[in-house]
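File shown here: target27.txt, holding compact mmCIF, C-alpha atoms and all ligand atoms.
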```txt
# COMPACT_ATOMS: atom_id res chain seq x y z
CA MET A 826 41.84 106.03 -82.24
CA ASP A 827 38.70 108.12 -81.79
CA GLN A 828 40.10 111.46 -80.64
CA SER A 829 36.90 112.40 -78.84
CA LYS A 830 37.57 109.60 -76.33
CA LEU A 831 40.94 111.04 -75.31
CA ASN A 832 41.52 113.76 -72.76
CA GLY A 833 44.67 114.92 -74.50
CA GLY A 834 46.37 114.73 -77.86
CA TYR A 835 49.58 114.24 -79.84
CA ILE A 836 52.23 116.93 -80.01
CA PHE A 837 55.80 116.90 -81.30
CA ASP A 838 57.35 120.01 -79.77
CA ILE A 839 56.95 122.90 -77.38
CA GLN A 840 59.04 126.03 -78.01
CA GLY A 841 59.23 129.09 -75.79
CA PHE A 842 60.36 132.64 -76.55
CA SER A 843 58.73 132.95 -79.98
CA VAL A 844 58.21 136.54 -81.08
CA HIS A 845 56.87 135.91 -84.61
CA ASP A 846 53.63 134.04 -84.11
CA GLY A 847 51.32 136.44 -82.37
CA PRO A 848 51.65 139.37 -80.00
CA GLY A 849 54.45 139.57 -77.45
CA CYS A 850 56.62 136.66 -76.40
CA ARG A 851 54.88 133.30 -76.85
CA THR A 852 55.06 129.58 -76.25
CA LEU A 853 54.39 127.54 -79.38
CA ILE A 854 52.77 124.12 -79.14
CA PHE A 855 53.21 121.91 -82.20
CA LEU A 856 50.33 119.47 -82.78
CA LYS A 857 50.72 116.35 -84.92
CA GLY A 858 48.83 115.76 -88.15
CA CYS A 859 48.17 117.86 -91.26
CA PRO A 860 45.87 117.31 -94.27
CA LEU A 861 48.15 119.23 -96.66
CA ARG A 862 51.49 118.29 -98.22
CA CYS A 863 52.99 121.71 -98.90
CA LEU A 864 56.20 121.44 -100.91
CA TRP A 865 58.04 123.74 -98.48
CA CYS A 866 56.72 122.35 -95.18
CA SER A 867 59.37 123.16 -92.57
CA ASN A 868 57.96 120.67 -90.04
CA PRO A 869 57.63 117.37 -91.92
CA GLU A 870 57.73 115.51 -88.60
CA GLY A 871 54.35 117.12 -87.91
CA ILE A 872 52.56 115.79 -90.99
CA ARG A 873 51.62 112.30 -89.77
CA PRO A 874 48.95 112.22 -87.07
CA PHE A 875 50.70 109.91 -84.61
CA PRO A 876 54.16 109.63 -83.05
CA GLU A 877 56.73 108.03 -85.34
CA PRO A 878 60.38 106.97 -85.30
CA LEU A 879 62.75 109.66 -86.57
CA TYR A 880 65.82 108.05 -88.11
CA LYS A 881 69.14 109.84 -88.61
CA GLU A 882 71.12 107.69 -91.04
CA THR A 883 74.41 109.54 -90.48
CA LYS A 884 74.44 108.29 -86.87
CA CYS A 885 73.57 104.69 -87.76
CA LEU A 886 76.13 101.88 -87.28
CA PHE A 887 73.86 99.28 -88.92
CA ASP A 888 74.35 96.95 -85.96
CA LEU A 889 70.62 96.19 -86.27
CA TYR A 890 69.80 96.29 -82.55
CA CYS A 891 66.65 98.21 -83.45
CA LEU A 892 65.59 95.64 -86.04
CA GLN A 893 65.95 92.83 -83.50
CA ALA A 894 64.10 94.80 -80.82
CA CYS A 895 61.08 95.77 -82.88
CA PRO A 896 58.20 93.46 -81.89
CA HIS A 897 56.27 94.26 -85.07
CA LYS A 898 58.97 93.53 -87.64
CA ALA A 899 58.58 97.04 -88.97
CA ILE A 900 62.24 97.55 -89.91
CA THR A 901 63.89 96.09 -93.00
CA LEU A 902 67.53 96.29 -93.98
CA ILE A 903 67.76 97.24 -97.66
CA GLY A 904 70.55 98.15 -100.06
CA ASP A 905 73.81 96.21 -100.28
CA LYS A 906 76.71 95.88 -97.87
CA ASP A 907 78.37 99.06 -99.16
CA THR A 908 75.22 101.16 -99.04
CA PRO A 909 72.97 99.65 -96.37
CA ARG A 910 69.77 101.44 -95.42
CA LEU A 911 66.96 100.90 -92.96
CA GLN A 912 63.39 101.08 -94.12
CA PHE A 913 60.51 101.58 -91.67
CA ASP A 914 56.97 100.35 -92.20
CA ARG A 915 55.39 103.56 -90.97
CA GLU A 916 51.92 102.10 -91.09
CA LYS A 917 52.97 99.60 -88.41
CA CYS A 918 54.89 102.27 -86.51
CA SER A 919 51.75 104.46 -86.36
CA ARG A 920 50.21 101.83 -84.07
CA CYS A 921 53.31 101.27 -81.93
CA VAL A 922 53.20 102.11 -78.25
CA THR A 923 56.51 100.68 -77.01
CA TYR A 924 59.14 102.24 -79.28
CA ASP A 925 61.55 99.42 -78.45
CA CYS A 926 63.64 100.43 -81.46
CA VAL A 927 64.47 103.78 -79.87
CA SER A 928 65.44 102.19 -76.54
CA ALA A 929 67.62 99.61 -78.34
CA CYS A 930 69.58 102.15 -80.36
CA LEU A 931 72.81 103.10 -78.60
CA THR A 932 73.96 105.83 -80.98
CA GLY A 933 71.04 108.26 -80.92
CA ALA A 934 70.20 107.46 -84.55
CA LEU A 935 66.59 106.87 -83.53
CA ALA A 936 64.29 109.21 -81.65
CA LYS A 937 60.60 109.27 -80.98
CA GLY A 938 58.89 111.98 -83.02
CA GLY A 939 55.85 113.10 -81.06
CA TYR A 940 54.08 111.97 -77.92
CA TYR A 941 50.71 111.85 -76.27
CA ILE A 942 50.04 114.37 -73.51
CA THR A 943 46.91 115.11 -71.50
CA THR A 944 45.45 118.59 -71.72
CA GLU A 945 46.05 119.12 -68.02
CA ASP A 946 49.70 118.02 -68.16
CA LEU A 947 50.28 120.27 -71.15
CA TYR A 948 48.61 123.19 -69.39
CA ASP A 949 50.84 122.62 -66.34
CA ARG A 950 53.88 122.60 -68.62
CA ILE A 951 53.12 125.74 -70.60
CA LYS A 952 52.02 127.87 -67.67
CA ARG A 953 55.59 127.62 -66.36
CA ASP A 954 56.47 130.03 -69.22
CA ARG A 955 54.02 132.62 -67.97
CA GLN A 956 56.67 134.81 -66.40
CA TYR A 957 58.30 135.30 -69.84
CA TRP A 958 55.16 136.26 -71.74
CA GLY A 959 54.88 139.81 -70.45
CA GLU A 960 51.63 141.67 -70.87
CA LYS A 961 50.87 140.75 -74.47
CA GLY A 962 52.23 137.21 -74.88
CA GLY A 963 50.61 133.82 -74.51
CA ILE A 964 50.36 130.57 -76.45
CA THR A 965 50.08 129.76 -80.14
CA LEU A 966 48.94 126.36 -81.39
CA THR A 967 50.72 125.35 -84.56
CA GLY A 968 51.91 122.13 -86.14
CA GLY A 969 50.92 120.27 -88.19
CA GLU A 970 47.38 121.51 -88.29
CA PRO A 971 46.00 122.22 -84.81
CA PHE A 972 42.36 121.74 -85.85
CA ALA A 973 43.16 118.20 -87.03
CA GLN A 974 42.78 117.36 -83.31
CA PRO A 975 39.67 119.45 -82.64
CA GLU A 976 38.74 118.23 -79.15
CA PHE A 977 42.30 118.54 -77.90
CA ALA A 978 42.77 122.00 -79.46
CA SER A 979 39.53 123.44 -78.08
CA ALA A 980 40.05 121.92 -74.60
CA LEU A 981 43.56 123.36 -74.36
CA LEU A 982 42.51 126.76 -75.70
CA LYS A 983 39.58 126.90 -73.27
CA ARG A 984 41.84 125.93 -70.36
CA CYS A 985 44.26 128.75 -71.25
CA TYR A 986 41.63 131.34 -72.14
CA GLU A 987 39.90 130.84 -68.79
CA ALA A 988 43.26 131.37 -67.08
CA PHE A 989 43.60 134.74 -68.89
CA ILE A 990 46.34 133.48 -71.20
CA HIS A 991 46.31 135.04 -74.69
CA THR A 992 45.46 132.36 -77.27
CA ALA A 993 46.35 132.14 -80.96
CA VAL A 994 46.38 129.46 -83.64
CA GLU A 995 48.08 128.98 -87.01
CA THR A 996 45.90 127.04 -89.43
CA CYS A 997 46.17 125.82 -93.01
CA GLY A 998 42.37 126.10 -93.17
CA ASP A 999 41.90 122.81 -95.04
CA ILE A 1000 39.84 121.25 -92.31
CA PRO A 1001 36.07 120.77 -91.83
CA TRP A 1002 34.32 123.77 -90.29
CA LYS A 1003 33.03 121.52 -87.49
CA ASN A 1004 36.66 121.06 -86.39
CA ILE A 1005 37.28 124.80 -86.26
CA GLU A 1006 34.09 126.15 -84.72
CA PRO A 1007 34.39 124.67 -81.17
CA SER A 1008 37.69 126.52 -80.64
CA LEU A 1009 36.46 129.96 -81.68
CA PRO A 1010 35.08 131.10 -78.28
CA TRP A 1011 38.51 130.46 -76.75
CA LEU A 1012 40.60 132.12 -79.44
CA GLU A 1013 41.81 135.71 -79.67
CA TRP A 1014 43.92 135.50 -82.77
CA ILE A 1015 44.06 133.36 -85.92
CA PHE A 1016 46.75 133.17 -88.60
CA PHE A 1017 45.14 131.68 -91.71
CA ASP A 1018 47.20 130.56 -94.72
CA LEU A 1019 46.28 131.54 -98.28
CA LYS A 1020 48.88 129.71 -100.32
CA HIS A 1021 47.40 130.30 -103.76
CA ILE A 1022 44.04 131.61 -104.90
CA ASP A 1023 43.98 129.56 -108.10
CA ALA A 1024 42.64 126.07 -107.30
CA ALA A 1025 44.86 124.14 -109.72
CA SER A 1026 48.02 125.96 -108.61
CA HIS A 1027 47.06 125.42 -104.98
CA LYS A 1028 46.81 121.71 -105.66
CA GLU A 1029 50.24 121.66 -107.28
CA LEU A 1030 51.78 123.35 -104.24
CA THR A 1031 49.94 121.49 -101.49
CA SER A 1032 48.32 118.35 -102.99
CA SER A 1033 44.87 119.78 -102.24
CA THR A 1034 42.54 122.24 -103.91
CA ASN A 1035 41.53 125.33 -101.97
CA SER A 1036 37.72 125.35 -102.05
CA LEU A 1037 37.34 124.32 -98.39
CA ILE A 1038 40.07 126.76 -97.37
CA LEU A 1039 38.41 129.72 -99.07
CA GLU A 1040 35.01 128.74 -97.69
CA ASN A 1041 36.42 128.51 -94.16
CA ALA A 1042 38.20 131.84 -94.59
CA ARG A 1043 34.90 133.51 -95.51
CA GLN A 1044 33.09 131.92 -92.56
CA LEU A 1045 35.84 132.86 -90.13
CA ALA A 1046 35.99 136.43 -91.37
CA GLY A 1047 32.26 136.75 -90.72
CA LYS A 1048 31.97 134.89 -87.44
CA PHE A 1049 35.29 135.18 -85.61
CA GLU A 1050 35.36 138.21 -83.35
CA GLY A 1051 39.13 138.17 -82.74
CA ARG A 1052 41.97 139.22 -85.00
CA LEU A 1053 42.29 137.32 -88.26
CA VAL A 1054 45.61 137.73 -90.06
CA PHE A 1055 46.00 135.95 -93.39
CA ARG A 1056 49.39 134.54 -94.27
CA LEU A 1057 51.06 134.03 -97.62
CA PRO A 1058 54.09 131.71 -97.57
CA LEU A 1059 55.90 133.23 -100.54
CA VAL A 1060 57.75 130.91 -102.92
CA PRO A 1061 59.60 132.58 -105.82
CA GLY A 1062 58.09 131.61 -109.16
CA LEU A 1063 55.27 129.58 -107.60
CA ASN A 1064 52.89 132.05 -105.96
CA ASP A 1065 54.49 135.51 -106.23
CA SER A 1066 53.03 136.51 -109.61
CA ASP A 1067 51.16 139.80 -109.86
CA GLU A 1068 48.08 137.79 -110.84
CA ASN A 1069 48.15 135.87 -107.55
CA ILE A 1070 48.92 139.04 -105.59
CA ARG A 1071 45.87 140.76 -107.06
CA ALA A 1072 43.68 137.70 -106.54
CA THR A 1073 44.86 137.29 -102.92
CA ALA A 1074 44.24 140.95 -102.14
CA GLY A 1075 40.82 140.80 -103.81
CA PHE A 1076 39.85 137.70 -101.85
CA ILE A 1077 40.94 139.16 -98.49
CA LEU A 1078 39.03 142.38 -99.09
CA SER A 1079 35.96 140.41 -100.16
CA THR A 1080 35.88 138.79 -96.69
CA GLY A 1081 35.78 142.19 -94.98
CA ARG A 1082 39.24 141.78 -93.46
CA ASN A 1083 42.47 143.39 -94.64
CA GLU A 1084 45.56 142.03 -92.85
CA LEU A 1085 48.23 139.90 -94.53
CA ASN A 1086 51.58 138.64 -93.29
CA ILE A 1087 54.01 137.56 -96.04
CA LEU A 1088 56.40 134.79 -94.99
CA PRO A 1089 59.30 134.17 -97.40
CA VAL A 1090 59.74 130.39 -97.73
CA HIS A 1091 63.16 128.92 -96.96
CA HIS A 1092 64.80 125.51 -97.20
CA LEU A 1093 65.56 125.22 -93.48
CA GLY A 1094 63.27 122.24 -92.93
CA ARG A 1095 64.94 120.15 -95.66
CA GLU A 1096 67.25 118.24 -93.29
CA LYS A 1097 64.28 116.93 -91.33
CA TYR A 1098 62.68 115.15 -94.29
CA GLN A 1099 65.07 112.24 -94.18
CA LEU A 1100 64.37 111.76 -90.46
CA ALA A 1101 60.69 111.27 -91.17
CA GLY A 1102 61.28 109.22 -94.33
CA ILE A 1103 59.60 111.80 -96.58
CA VAL A 1104 60.93 112.92 -99.96
CA TYR A 1105 61.70 116.65 -100.20
CA LYS A 1106 60.20 117.87 -103.47
CA LEU A 1107 60.54 121.64 -103.38
CA PRO A 1108 62.65 122.68 -106.37
CA GLY A 1109 65.76 124.77 -105.66
CA PHE A 1110 65.28 128.55 -105.72
CA GLU A 1111 66.98 131.72 -104.61
CA MET A 1112 65.39 133.33 -101.57
CA THR A 1113 63.38 136.38 -102.60
CA PRO A 1114 65.67 139.42 -102.14
CA ARG A 1115 64.55 142.06 -99.68
CA GLU A 1116 63.95 144.70 -102.40
CA LYS A 1117 61.56 142.34 -104.18
CA LEU A 1118 59.75 141.56 -100.89
CA VAL A 1119 59.30 145.27 -100.24
CA GLU A 1120 58.00 145.67 -103.81
CA ILE A 1121 55.41 142.94 -103.18
CA GLN A 1122 54.48 144.47 -99.83
CA ASN A 1123 53.97 147.85 -101.54
CA ARG A 1124 51.85 146.19 -104.22
CA PHE A 1125 49.58 144.72 -101.55
CA THR A 1126 49.42 148.09 -99.81
CA SER A 1127 48.41 149.77 -103.08
CA LEU A 1128 45.58 147.23 -103.34
CA GLY A 1129 44.22 148.17 -99.89
CA ILE A 1130 45.86 145.46 -97.77
CA THR A 1131 47.68 146.11 -94.49
CA CYS A 1132 50.71 143.99 -95.24
CA TYR A 1133 53.44 142.84 -92.84
CA LEU A 1134 56.70 141.44 -94.08
CA GLY A 1135 58.25 138.32 -92.58
CA SER A 1136 58.82 138.71 -88.89
CA GLU A 1137 58.54 142.51 -89.08
CA THR A 1138 55.12 142.40 -87.55
CA PRO A 1139 53.85 145.21 -85.32
CA PHE A 1140 52.23 142.72 -82.96
S1 LIG B 1 58.28 102.52 -83.68
FE1 LIG B 1 57.60 100.51 -82.89
S2 LIG B 1 56.86 99.44 -84.73
FE2 LIG B 1 58.14 101.13 -85.43
S3 LIG B 1 60.19 100.27 -85.66
FE3 LIG B 1 60.07 101.16 -83.60
S4 LIG B 1 59.46 99.47 -82.26
FE4 LIG B 1 59.00 98.84 -84.37
S1 LIG B 2 70.07 100.39 -83.41
FE1 LIG B 2 70.52 102.51 -84.05
S2 LIG B 2 72.63 102.42 -84.84
FE2 LIG B 2 71.85 100.30 -84.74
S3 LIG B 2 71.00 99.87 -86.77
FE3 LIG B 2 69.30 100.62 -85.52
S4 LIG B 2 69.25 102.85 -85.88
FE4 LIG B 2 71.24 102.10 -86.59
```
Is it possible to give me this structure as structure tokens?
Amino acid sequence: MDQSKLNGGYIFDIQGFSVHDGPGCRTLIFLKGCPLRCLWCSNPEGIRPFPEPLYKETKCLFDLYCLQACPHKAITLIGDKDTPRLQFDREKCSRCVTYDCVSACLTGALAKGGYYITTEDLYDRIKRDRQYWGEKGGITLTGGEPFAQPEFASALLKRCYEAFIHTAVETCGDIPWKNIEPSLPWLEWIFFDLKHIDAASHKELTSSTNSLILENARQLAGKFEGRLVFRLPLVPGLNDSDENIRATAGFILSTGRNELNILPVHHLGREKYQLAGIVYKLPGFEMTPREKLVEIQNRFTSLGITCYLGSETPF
């Protein structure tokens, strides 16, 4: 559907009381759809652009009520009688509006992942949190990739900005500039991911090269008047080499900005992959120990970067 004809968009969650994604206490709004396929994505249910069935096999009785209820024949029973499995045709599900499968399931094995909401209804919902935000808090759009729904993102940000609500966004940056630009007048803060400076390595980690990302980062650094904090999701052995640290620091300084937030990657999103029918491909690794994180932070500092570690942000 042409997003410009909608007066709302697709989201998959709203979370209050966040203290890690911008200043103060914040409400996070998770928008559907992302152009990247990062190996460590902790919100795989946000990758596809439209709502989708989320299927929890451990709750399934294989009574097939869902299969009989689906008007589009999008569910197939596969496997044998000892190891039955349900397979969803997610292409068909992306066009579904009824979600009869979810209503038919009596065990809670099926849920609807994501929903459409108008900008005004969403604004009415999030402003209820206002009393918890304090002086510095507000909203942060995340996802998914918020700028994948550019009209929705800019309309919501404008609505909030004009109501004196602090506005922030977390972006992967791999999105046309024309999607980003309309939101800039209504934004006070941007977190911008730099997952790897080397193009080939970036592609290995995210399925996409980084030329558009770096170009957007340069444009934003020059044109955006608010606070721009780069983010490095740190994966041991994949992007924590000294070479990438030096290249990342050099790139940030070349844009005229100097803030970086390191986020150690974890496996906490792994459980959700099965729900969305996506294969989890991140190899096993030990979480980076704190001493090593501090070492990396100090290395960035020595290179001229103001570096924040994990959630220890002075926002
Ligand atoms: S989401 Fe719609 S198309 Fe997909 S299985 Fe459920 S009822 Fe069928
Ligand atoms: S209706 Fe629910 S419990 Fe029954 S087969 Fe479908 S998902 Fe499983």
Residues of chain A at most 6 Å from ligand LIG 2 (chain B): nearest atom pair and distance in Å, all atoms listed in the file, as a tab-separated table:
```
residue	atom	partner	partner_atom	distance
A:Cys885	CA	B:LIG2	FE4	3.7
A:Leu886	CA	B:LIG2	S2	4.3
A:Phe887	CA	B:LIG2	S3	3.6
A:Asp888	CA	B:LIG2	FE2	4.4
A:Leu889	CA	B:LIG2	S3	3.7
A:Tyr890	CA	B:LIG2	S1	4.2
A:Cys891	CA	B:LIG2	S1	4.1
A:Ala929	CA	B:LIG2	S1	5.7
A:Cys930	CA	B:LIG2	S1	3.6
A:Leu931	CA	B:LIG2	FE1	5.9
A:Thr932	CA	B:LIG2	S2	5.3
A:Ala934	CA	B:LIG2	S4	4.9
A:Leu935	CA	B:LIG2	S4	5.4
```
- prompt: Within 10 Å of ligand LIG 1 (chain B), counting all atoms listed in the file: which residues, as a PyMOL selection string?
  reply: chain A and resi 876-880+891-901+911-929+935-938
For atom CA of A:Ala1025 and atom CA of A:Arg862, the interatomic separation in Å (one decimal):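 Here the two named atoms are 14.5 Å from each other.
With atom CA of A:Lys1106 on one side and atom CA of A:Ser1033 on the other, the separation reads 15.5 Å.
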- prompt: When distances are computed from only C-alpha atoms, which of A:Lys952, A:Arg1043, A:Arg873, A:Lys1048 shows the smallest separation from A:Gly969?
  reply: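 The shortest atom-to-atom distance to A:Gly969 comes from A:Arg873.
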query: So, counting only C-alpha atoms, which residue among A:Asp907, A:Asp838, A:Glu1040, A:Glu987 is closest to A:Leu853?
result: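 Distance minimum relative to A:Leu853 lands on A:Asp838.
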message: Need to verify the contact set: A:Ile1070, 10 Å, all atoms listed in the file, exclusion of same-chain residues closer than 3 positions in sequence. Can you return it as a list in words?
response: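 Neighbouring residues, sequence-local ones excluded: His1021, Ile1022, Leu1057, Asn1064, Asp1065, Ser1066, Asp1067, Thr1073, Ala1074, Gly1075, Phe1076, Ile1121, Gln1122, Arg1124, Phe1125 and Leu1128 of chain A.
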Show me, as AutoDock Vina command-line options, the centre and edge lengths in Å to one decimal of the axis-aligned box that covers every listed atom of stretch 983-1001 of chain A with 5 Å on each side.
```
--center_x 42.1 --center_y 127.9 --center_z -81.1 --size_x 22.0 --size_y 24.3 --size_z 38.0
```
- line: Computed gap from atom CA of A:Gly833 to atom CA of A:Trp958 is 23.9 Å
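Nearest residue to A:Pro1007 among A:Glu870, A:Glu976, A:Asp846, A:Asp1023 is A:Glu976, counting all atoms listed in the file.
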- prompt: Using all atoms listed in the file, which residue out of A:Ile872, A:Leu1037, A:Leu966, A:Leu1045 lies closest to A:Cys985?
  reply: A:Leu966
For the point (54.9, 116.0, -78.4) in file coordinates, what residues are within 6 Å, counting all atoms listed in the file? Give the answer as a compact mmCIF listing (two decimals) with C-alpha atoms, in the coordinates of the input?
```txt
# COMPACT_ATOMS: atom_id res chain seq x y z
CA TYR A 835 49.58 114.24 -79.84
CA ILE A 836 52.23 116.93 -80.01
CA PHE A 837 55.80 116.90 -81.30
CA ASP A 838 57.35 120.01 -79.77
CA GLY A 939 55.85 113.10 -81.06
CA TYR A 940 54.08 111.97 -77.92
```
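In terms of minimum interatomic distance to A:Ile1015, A:Phe1055 ranks closest within A:Trp865, A:Phe1055, A:Tyr1098, A:Phe842, counting only C-alpha atoms.
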message: Residues within 10 Å of A:Leu1059, please, as a ChimeraX atom specification. Count all atoms listed in the file; anything in the same chain fewer than 2 positions from it doesn't count.
response: /A:865,1020-1021,1056-1057,1061-1065,1087-1091,1112-1113,1118,1135
message: Using all atoms listed in the file, which protein or nucleic acid residues come within 7 Å of A:Ala973? Drop anything in the same chain fewer than 3 positions from it, and give the result as a PyMOL selection string.
response: chain A and resi 858-859+970+1000
Could you turn the residues from that selection into a file that holds C-alpha atoms, as a PDB file, keeping the file's coordinate frame?
```pdb
ATOM      1  CA  GLY A 858      48.830 115.760 -88.150  1.00  0.00           C
ATOM      2  CA  CYS A 859      48.170 117.860 -91.260  1.00  0.00           C
ATOM      3  CA  GLU A 970      47.380 121.510 -88.290  1.00  0.00           C
ATOM      4  CA  ILE A1000      39.840 121.250 -92.310  1.00  0.00           C
TER       5      ILE A1000
END
```
field: Residue among A:Lys906, A:Arg1052, A:Lys857, A:Lys961 lying closest to A:Val844, counting all atoms listed in the file
entry: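 Distance minimum relative to A:Val844 lands on A:Lys961.
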message: Set the distance at 10 Å and use only C-alpha atoms: which residues neighbour A:Tyr1133 once local chain neighbours fewer than 3 positions away are removed? I'd like the list as a list in words.
response: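 Here the qualifying residues turn out to be Val1054, Arg1056, Glu1084, Leu1085, Asn1086, Ile1087, Leu1088, Val1119, Gln1122, Phe1125, Thr1126, Ile1130, Ser1136, Glu1137, Thr1138, Pro1139 and Phe1140 of chain A.
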